[in-house]
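> Pasting entry_16.txt below, which is compact mmCIF, C-alpha atoms.
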# COMPACT_ATOMS: atom_id res chain seq x y z
CA MET A 1 9.19 -29.64 32.30
CA ASN A 2 9.79 -26.07 31.17
CA GLN A 3 12.05 -27.26 28.36
CA ALA A 4 9.34 -29.63 27.16
CA THR A 5 6.81 -26.79 27.23
CA GLU A 6 9.15 -24.52 25.24
CA SER A 7 9.74 -27.28 22.71
CA LYS A 8 6.00 -27.83 22.25
CA MET A 9 5.44 -24.08 21.77
CA LYS A 10 8.08 -24.01 19.02
CA GLN A 11 6.64 -27.09 17.33
CA MET A 12 3.19 -25.47 17.40
CA LYS A 13 4.75 -22.31 15.92
CA LEU A 14 3.75 -20.22 18.93
CA TYR A 15 6.90 -18.13 18.55
CA GLY A 16 5.68 -15.04 20.39
CA MET A 17 4.41 -17.10 23.29
CA HIS A 18 7.65 -19.09 23.38
CA SER A 19 9.79 -15.96 23.46
CA ALA A 20 7.74 -14.35 26.25
CA PHE A 21 7.68 -17.59 28.27
CA LYS A 22 11.43 -18.09 27.91
CA THR A 23 12.20 -14.47 28.80
CA ALA A 24 10.01 -14.64 31.90
CA LEU A 25 11.77 -17.81 33.06
CA GLU A 26 15.27 -16.45 32.43
CA SER A 27 14.52 -13.16 34.19
CA GLY A 28 12.99 -14.94 37.19
CA LYS A 29 9.86 -12.78 37.00
CA THR A 30 7.32 -15.58 36.87
CA ASP A 31 6.47 -15.04 40.54
CA HIS A 32 5.47 -11.44 39.75
CA TYR A 33 2.37 -12.63 37.89
CA THR A 34 -0.82 -14.27 38.96
CA ILE A 35 -1.78 -17.24 36.78
CA ASP A 36 -4.30 -15.24 34.79
CA GLN A 37 -1.81 -12.35 34.35
CA PHE A 38 0.87 -14.75 33.10
CA VAL A 39 -1.48 -16.41 30.62
CA SER A 40 -2.63 -12.98 29.42
CA MET A 41 0.98 -11.83 29.02
CA ILE A 42 2.11 -14.75 26.85
CA ILE A 43 -1.08 -14.64 24.76
CA ASP A 44 -0.55 -10.89 24.15
CA ALA A 45 3.02 -11.66 23.10
CA GLU A 46 1.78 -14.27 20.61
CA TRP A 47 -0.86 -11.91 19.24
CA ASP A 48 1.75 -9.15 18.74
CA GLU A 49 4.15 -11.56 17.05
CA ARG A 50 1.50 -12.77 14.57
CA HIS A 51 0.27 -9.24 13.94
CA ASN A 52 3.79 -8.03 13.14
CA ARG A 53 4.43 -11.05 10.89
CA ARG A 54 1.21 -10.31 9.00
CA ILE A 55 2.31 -6.71 8.43
CA GLU A 56 5.79 -7.83 7.27
CA ARG A 57 4.22 -10.35 4.91
CA SER A 58 1.80 -7.75 3.51
CA ILE A 59 4.62 -5.27 2.89
CA LYS A 60 6.72 -7.94 1.19
CA ASN A 61 3.81 -9.04 -1.01
CA ALA A 62 3.07 -5.42 -1.98
CA ARG A 63 6.46 -5.22 -3.75
CA PHE A 64 6.96 -1.54 -3.03
CA HIS A 65 9.69 0.11 -5.07
CA TYR A 66 11.21 1.66 -1.94
CA LYS A 67 10.52 2.28 1.73
CA SER A 68 8.31 5.20 2.64
CA ASN A 69 6.36 6.35 5.66
CA ILE A 70 3.98 9.12 6.68
CA GLU A 71 6.29 10.39 9.42
CA ASN A 72 8.97 11.42 6.89
CA ILE A 73 6.70 13.48 4.67
CA HIS A 74 7.61 17.20 4.51
CA PHE A 75 4.58 19.46 4.83
CA ASP A 76 6.14 22.69 3.54
CA GLU A 77 3.54 25.27 2.52
CA SER A 78 5.18 25.47 -0.89
CA ARG A 79 4.27 21.84 -1.57
CA ASN A 80 0.51 22.45 -1.39
CA LEU A 81 0.20 19.39 0.85
CA ASP A 82 -2.55 19.41 3.46
CA ARG A 83 -1.29 17.70 6.64
CA THR A 84 -4.84 17.07 7.89
CA LEU A 85 -5.85 15.36 4.64
CA VAL A 86 -2.73 13.18 4.53
CA PHE A 87 -3.14 11.96 8.11
CA ARG A 88 -6.84 11.34 7.50
CA LEU A 89 -5.94 9.26 4.45
CA ALA A 90 -3.34 7.43 6.57
CA GLU A 91 -6.20 6.12 8.71
CA CYS A 92 -7.26 4.24 5.54
CA GLU A 93 -10.95 5.07 5.71
CA PHE A 94 -10.68 5.69 1.97
CA VAL A 95 -9.90 1.97 1.55
CA GLU A 96 -12.91 0.98 3.62
CA LYS A 97 -15.07 3.19 1.39
CA ASN A 98 -13.45 1.98 -1.87
CA GLN A 99 -12.28 5.49 -2.69
CA ASN A 100 -9.28 6.47 -4.80
CA VAL A 101 -6.35 8.84 -4.27
CA LEU A 102 -5.00 10.77 -7.26
CA ILE A 103 -1.60 12.42 -6.74
CA THR A 104 -0.20 14.71 -9.44
CA GLY A 105 2.80 17.01 -9.74
CA SER A 106 6.02 17.55 -11.62
CA THR A 107 9.05 15.28 -11.53
CA GLY A 108 10.64 14.73 -8.12
CA VAL A 109 8.05 16.51 -5.94
CA GLY A 110 7.32 13.37 -3.92
CA LYS A 111 4.29 11.81 -5.61
CA SER A 112 5.59 8.25 -5.45
CA PHE A 113 6.84 8.72 -1.88
CA LEU A 114 3.40 9.89 -0.73
CA GLY A 115 1.54 7.17 -2.64
CA THR A 116 3.85 4.49 -1.27
CA ALA A 117 3.54 5.86 2.28
CA LEU A 118 -0.24 5.48 2.05
CA GLY A 119 0.31 1.95 0.74
CA TYR A 120 2.47 1.11 3.77
CA GLN A 121 -0.24 2.46 6.06
CA ALA A 122 -2.80 0.24 4.36
CA CYS A 123 -0.55 -2.79 4.95
CA ILE A 124 -0.25 -1.85 8.64
CA GLN A 125 -4.04 -1.62 8.84
CA GLY A 126 -4.31 -5.17 7.48
CA TYR A 127 -5.23 -4.47 3.86
CA LYS A 128 -3.78 -6.28 0.84
CA VAL A 129 -1.76 -3.89 -1.31
CA SER A 130 0.10 -4.19 -4.62
CA TYR A 131 2.47 -1.58 -6.05
CA PHE A 132 2.91 -1.32 -9.83
CA ASN A 133 4.97 0.85 -12.10
CA THR A 134 2.21 1.51 -14.64
CA SER A 135 4.31 1.05 -17.79
CA LYS A 136 5.78 -2.23 -16.51
CA LEU A 137 2.31 -3.46 -15.50
CA PHE A 138 0.94 -2.86 -18.99
CA ALA A 139 3.96 -4.62 -20.54
CA LYS A 140 3.48 -7.57 -18.20
CA LEU A 141 -0.23 -7.83 -19.02
CA LYS A 142 0.50 -7.69 -22.75
CA MET A 143 2.77 -10.69 -22.32
CA ALA A 144 0.07 -12.38 -20.23
CA LYS A 145 -2.39 -11.99 -23.10
CA ALA A 146 0.11 -13.67 -25.39
CA ASP A 147 0.73 -16.67 -23.11
CA GLY A 148 -2.86 -17.11 -21.91
CA SER A 149 -2.37 -16.01 -18.29
CA TYR A 150 -4.09 -12.62 -18.67
CA LEU A 151 -7.30 -13.46 -16.77
CA ARG A 152 -5.28 -15.03 -13.96
CA GLU A 153 -3.16 -11.87 -13.64
CA LEU A 154 -6.27 -9.67 -13.61
CA ALA A 155 -7.77 -11.88 -10.89
CA LYS A 156 -4.67 -11.36 -8.73
CA ILE A 157 -5.03 -7.59 -9.10
CA GLU A 158 -8.74 -7.73 -8.34
CA LYS A 159 -8.08 -9.51 -5.01
CA GLN A 160 -6.06 -6.57 -3.69
CA ASP A 161 -7.72 -4.01 -1.43
CA VAL A 162 -5.42 -1.29 -2.77
CA ILE A 163 -3.36 -1.06 -5.93
CA ILE A 164 -0.84 1.69 -6.61
CA LEU A 165 -0.39 2.77 -10.23
CA ASP A 166 2.84 4.75 -10.10
CA ASP A 167 3.98 7.08 -12.90
CA PHE A 168 0.74 6.86 -14.86
CA GLY A 169 0.71 8.71 -18.18
CA LEU A 170 4.38 8.69 -19.14
CA GLN A 171 3.23 7.63 -22.59
CA ALA A 172 -0.12 7.61 -24.35
CA LEU A 173 -2.04 4.33 -24.14
CA ASP A 174 -2.45 2.16 -27.20
CA SER A 175 -5.74 0.36 -27.86
CA GLN A 176 -4.71 -2.77 -25.93
CA ASN A 177 -3.50 -0.91 -22.83
CA ARG A 178 -6.60 1.28 -22.95
CA ILE A 179 -8.88 -1.78 -22.70
CA THR A 180 -6.65 -3.30 -20.02
CA LEU A 181 -6.92 -0.15 -17.89
CA LEU A 182 -10.69 -0.11 -18.33
CA GLU A 183 -10.93 -3.73 -17.16
CA ILE A 184 -8.80 -3.01 -14.09
CA ILE A 185 -10.84 0.08 -13.21
CA GLU A 186 -14.16 -1.70 -13.75
CA ASP A 187 -13.08 -4.62 -11.55
CA ARG A 188 -12.21 -2.22 -8.74
CA HIS A 189 -15.18 0.14 -9.03
CA ASN A 190 -16.91 0.00 -5.60
CA ASN A 191 -14.75 -3.05 -4.86
CA GLY A 192 -11.31 -1.66 -4.04
CA SER A 193 -9.13 1.44 -4.00
CA ILE A 194 -6.56 2.80 -6.43
CA ILE A 195 -3.72 5.22 -5.69
CA VAL A 196 -2.51 6.89 -8.89
CA THR A 197 0.59 9.06 -9.21
CA SER A 198 1.19 11.07 -12.37
CA GLN A 199 3.19 13.96 -13.76
CA ILE A 200 0.19 14.82 -15.92
CA PRO A 201 -2.66 16.89 -14.37
CA VAL A 202 -5.92 14.97 -14.14
CA GLN A 203 -7.52 17.04 -16.91
CA GLY A 204 -4.76 15.79 -19.24
CA TRP A 205 -5.55 12.14 -18.64
CA TYR A 206 -8.22 12.16 -21.38
CA ASP A 207 -5.48 12.71 -23.96
CA ILE A 208 -3.27 10.04 -22.38
CA ILE A 209 -6.04 7.44 -22.48
CA GLY A 210 -7.39 8.43 -25.90
CA GLU A 211 -10.68 7.28 -27.49
CA LYS A 212 -13.27 9.49 -25.82
CA THR A 213 -15.85 6.82 -24.93
CA ILE A 214 -13.34 4.64 -23.10
CA ALA A 215 -11.65 7.65 -21.48
CA ASP A 216 -15.01 8.83 -20.18
CA ALA A 217 -15.77 5.38 -18.74
CA ILE A 218 -12.37 5.10 -17.06
CA LEU A 219 -12.20 8.60 -15.62
CA ASP A 220 -15.81 8.63 -14.45
CA ARG A 221 -15.07 5.59 -12.27
CA LEU A 222 -11.60 6.73 -11.27
CA ILE A 223 -12.36 10.35 -10.36
CA HIS A 224 -15.75 9.79 -8.74
CA HIS A 225 -15.36 9.85 -4.92
CA SER A 226 -11.59 10.34 -5.21
CA HIS A 227 -9.22 12.42 -3.10
CA ARG A 228 -7.03 14.64 -5.28
CA ILE A 229 -3.63 15.98 -4.27
CA GLU A 230 -1.68 18.29 -6.57
CA LEU A 231 1.87 18.68 -5.30
CA LEU A 232 3.79 21.85 -6.09
CA GLY A 233 7.30 23.14 -5.53
CA GLU A 234 10.81 22.11 -6.46
CA SER A 235 12.07 18.58 -6.89
CA MET A 236 12.75 16.97 -3.51
CA ARG A 237 15.67 15.08 -5.06
CA LYS A 238 17.20 18.38 -6.21
CA LYS A 239 16.76 19.85 -2.71
CA LYS A 240 18.53 16.86 -1.15
CA THR A 241 21.47 17.29 -3.56
CA ILE A 242 21.75 20.99 -2.73
CA ASN A 243 21.61 20.28 1.03
CA LYS A 244 24.39 17.68 0.70
CA ASP A 245 26.55 20.19 -1.12
How would this structure read if it were set down as structure tokens?

Amino acid sequence: MNQATESKMKQMKLYGMHSAFKTALESGKTDHYTIDQFVSMIIDAEWDERHNRRIERSIKNARFHYKSNIENIHFDESRNLDRTLVFRLAECEFVEKNQNVLITGSTGVGKSFLGTALGYQACIQGYKVSYFNTSKLFAKLKMAKADGSYLRELAKIEKQDVIILDDFGLQALDSQNRITLLEIIEDRHNNGSIIVTSQIPVQGWYDIIGEKTIADAILDRLIHHSHRIELLGESMRKKKTINKD
């Protein structure tokens, strides 16, 4: 009878419940539970299994460039990184409020690591996240305009609760990328959050975007109700190399 029950659980894709049920039988601990306790235990196991699978699926779909987490962030005073702010952002209330996070600093100071860590936290909290290298995103959307899939690609971006635009501003925007950025920002205004990382200070973004009217429209929406982090200090990659030596 137990084998038939296990088989039915697997066929119904109740993998967490099946694992907990099988473990309880093999350990001989079924007598330690009342009926309601046993039912509660296997249901909790199924809930945990589905919850963890959802997180794994969200992280996979986000296409992060690398793994990152809040626990491994270094809060040295020299980095100008407020621990309280970071852990408050990690609670993802900024996503609930459709706010943005703008992270700036020189090469190697940990902008992408921090932005990605916040993205991971959003996945854990159940939000849909997409990571983009900004230059590659613009190149992809240019190709989408050429083959007629542009609106479909924009719709995919719009469905995300959080998008990460990594390495924004490495090169000035041309007229097509400028309009593309405006459309992305407008779609997300009060309807989603953006995490931006950039080597260029925020005040320099006007020059990167170009064309004052469009720059004003983009930055007004992007900066309004945003959390700004300006990282300082030496390159973290350089520090790691020195420590290895």
> Please provide the set of residues having any atom within 8 Å of A:Ser235, restricted to only C-alpha atoms, with same-chain residues fewer than 6 positions apart removed, written as a list in words.
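So the residues in contact are Ser106, Thr107, Gly108, Val109 and Gly110 of chain A.
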> Measuring atom to atom with only C-alpha atoms, identify which of A:His74, A:Arg88, A:Arg63, A:Lys8 is nearest to A:Tyr131.
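Under the stated criterion, the closest residue is A:Arg63.
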> Excluding same-chain residues fewer than 3 positions from A:Leu25, what lies within 12 Å of it counting all atoms listed in the file, as a short mmCIF file (atom, residue, chain, number, x, y, z; two decimals) with C-alpha atoms, keeping the file's coordinate frame?

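Saved file around.cif follows:
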data_model
loop_
_atom_site.label_atom_id
_atom_site.label_comp_id
_atom_site.auth_asym_id
_atom_site.auth_seq_id
_atom_site.Cartn_x
_atom_site.Cartn_y
_atom_site.Cartn_z
CA ASN A 2 9.79 -26.07 31.17
CA GLN A 3 12.05 -27.26 28.36
CA THR A 5 6.81 -26.79 27.23
CA GLU A 6 9.15 -24.52 25.24
CA HIS A 18 7.65 -19.09 23.38
CA SER A 19 9.79 -15.96 23.46
CA ALA A 20 7.74 -14.35 26.25
CA PHE A 21 7.68 -17.59 28.27
CA LYS A 22 11.43 -18.09 27.91
CA GLY A 28 12.99 -14.94 37.19
CA LYS A 29 9.86 -12.78 37.00
CA THR A 30 7.32 -15.58 36.87
CA ASP A 31 6.47 -15.04 40.54
CA HIS A 32 5.47 -11.44 39.75
CA TYR A 33 2.37 -12.63 37.89
CA PHE A 38 0.87 -14.75 33.10
CA ILE A 42 2.11 -14.75 26.85
#
> At what distance in Å, to one decimal, does atom CA of A:Asn133 lie from atom CA of A:Val95?
20.2 Å
> As a PDB file with C-alpha atoms, keeping the file's coordinate frame, please: the residues near A:Arg83 (cut-off 12 Å, only C-alpha atoms, same-chain neighbours under 5 positions excluded).

ATOM      1  CA  ILE A  70       3.980   9.120   6.680  1.00  0.00           C
ATOM      2  CA  GLU A  71       6.290  10.390   9.420  1.00  0.00           C
ATOM      3  CA  ILE A  73       6.700  13.480   4.670  1.00  0.00           C
ATOM      4  CA  HIS A  74       7.610  17.200   4.510  1.00  0.00           C
ATOM      5  CA  PHE A  75       4.580  19.460   4.830  1.00  0.00           C
ATOM      6  CA  ASP A  76       6.140  22.690   3.540  1.00  0.00           C
ATOM      7  CA  GLU A  77       3.540  25.270   2.520  1.00  0.00           C
ATOM      8  CA  ARG A  88      -6.840  11.340   7.500  1.00  0.00           C
ATOM      9  CA  LEU A  89      -5.940   9.260   4.450  1.00  0.00           C
ATOM     10  CA  ALA A  90      -3.340   7.430   6.570  1.00  0.00           C
ATOM     11  CA  LEU A 114       3.400   9.890  -0.730  1.00  0.00           C
ATOM     12  CA  ILE A 229      -3.630  15.980  -4.270  1.00  0.00           C
TER      13      ILE A 229
END
> To one decimal place, how far is atom CA of A:Val86 from atom CA of A:Ser112 in Å?
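So the two atoms, atom CA of A:Val86 and atom CA of A:Ser112, lie 13.9 Å apart.
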> How many Å separate atom CA of A:Met12 from atom CA of A:Ala62?
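Computed distance, atom CA of A:Met12 to atom CA of A:Ala62, equals 27.9 Å.
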> Find the residues around A:Gln121 up to 8 Å (only C-alpha atoms counted), leave out those fewer than 3 positions away in its own chain, and share them as a PyMOL selection string.
chain A and resi 69-70+90-92+117-118+124-125
> Compile the contact shell of A:Lys140 as a PyMOL selection string: residues with an atom at most 12 Å away, counting only C-alpha atoms, same-chain residues fewer than 6 positions apart removed.
chain A and resi 132-134+146-147+149-150+153-154+177+180
> Kindly indicate which residue among A:Asp166, A:Glu56, A:Asp216, A:Asp161 lies nearest to A:Glu96, using all atoms listed in the file for the distances.
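Of A:Asp166, A:Glu56, A:Asp216, A:Asp161, the one nearest A:Glu96, counting all atoms listed in the file, is A:Asp161.
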> Within 7 Å of (-10.6, 9.2, -0.2) in the file's own coordinates, which protein, DNA or RNA residues have an atom, counting all atoms listed in the file? List them as a PyMOL selection string.
chain A and resi 89+94+99-101+225-227
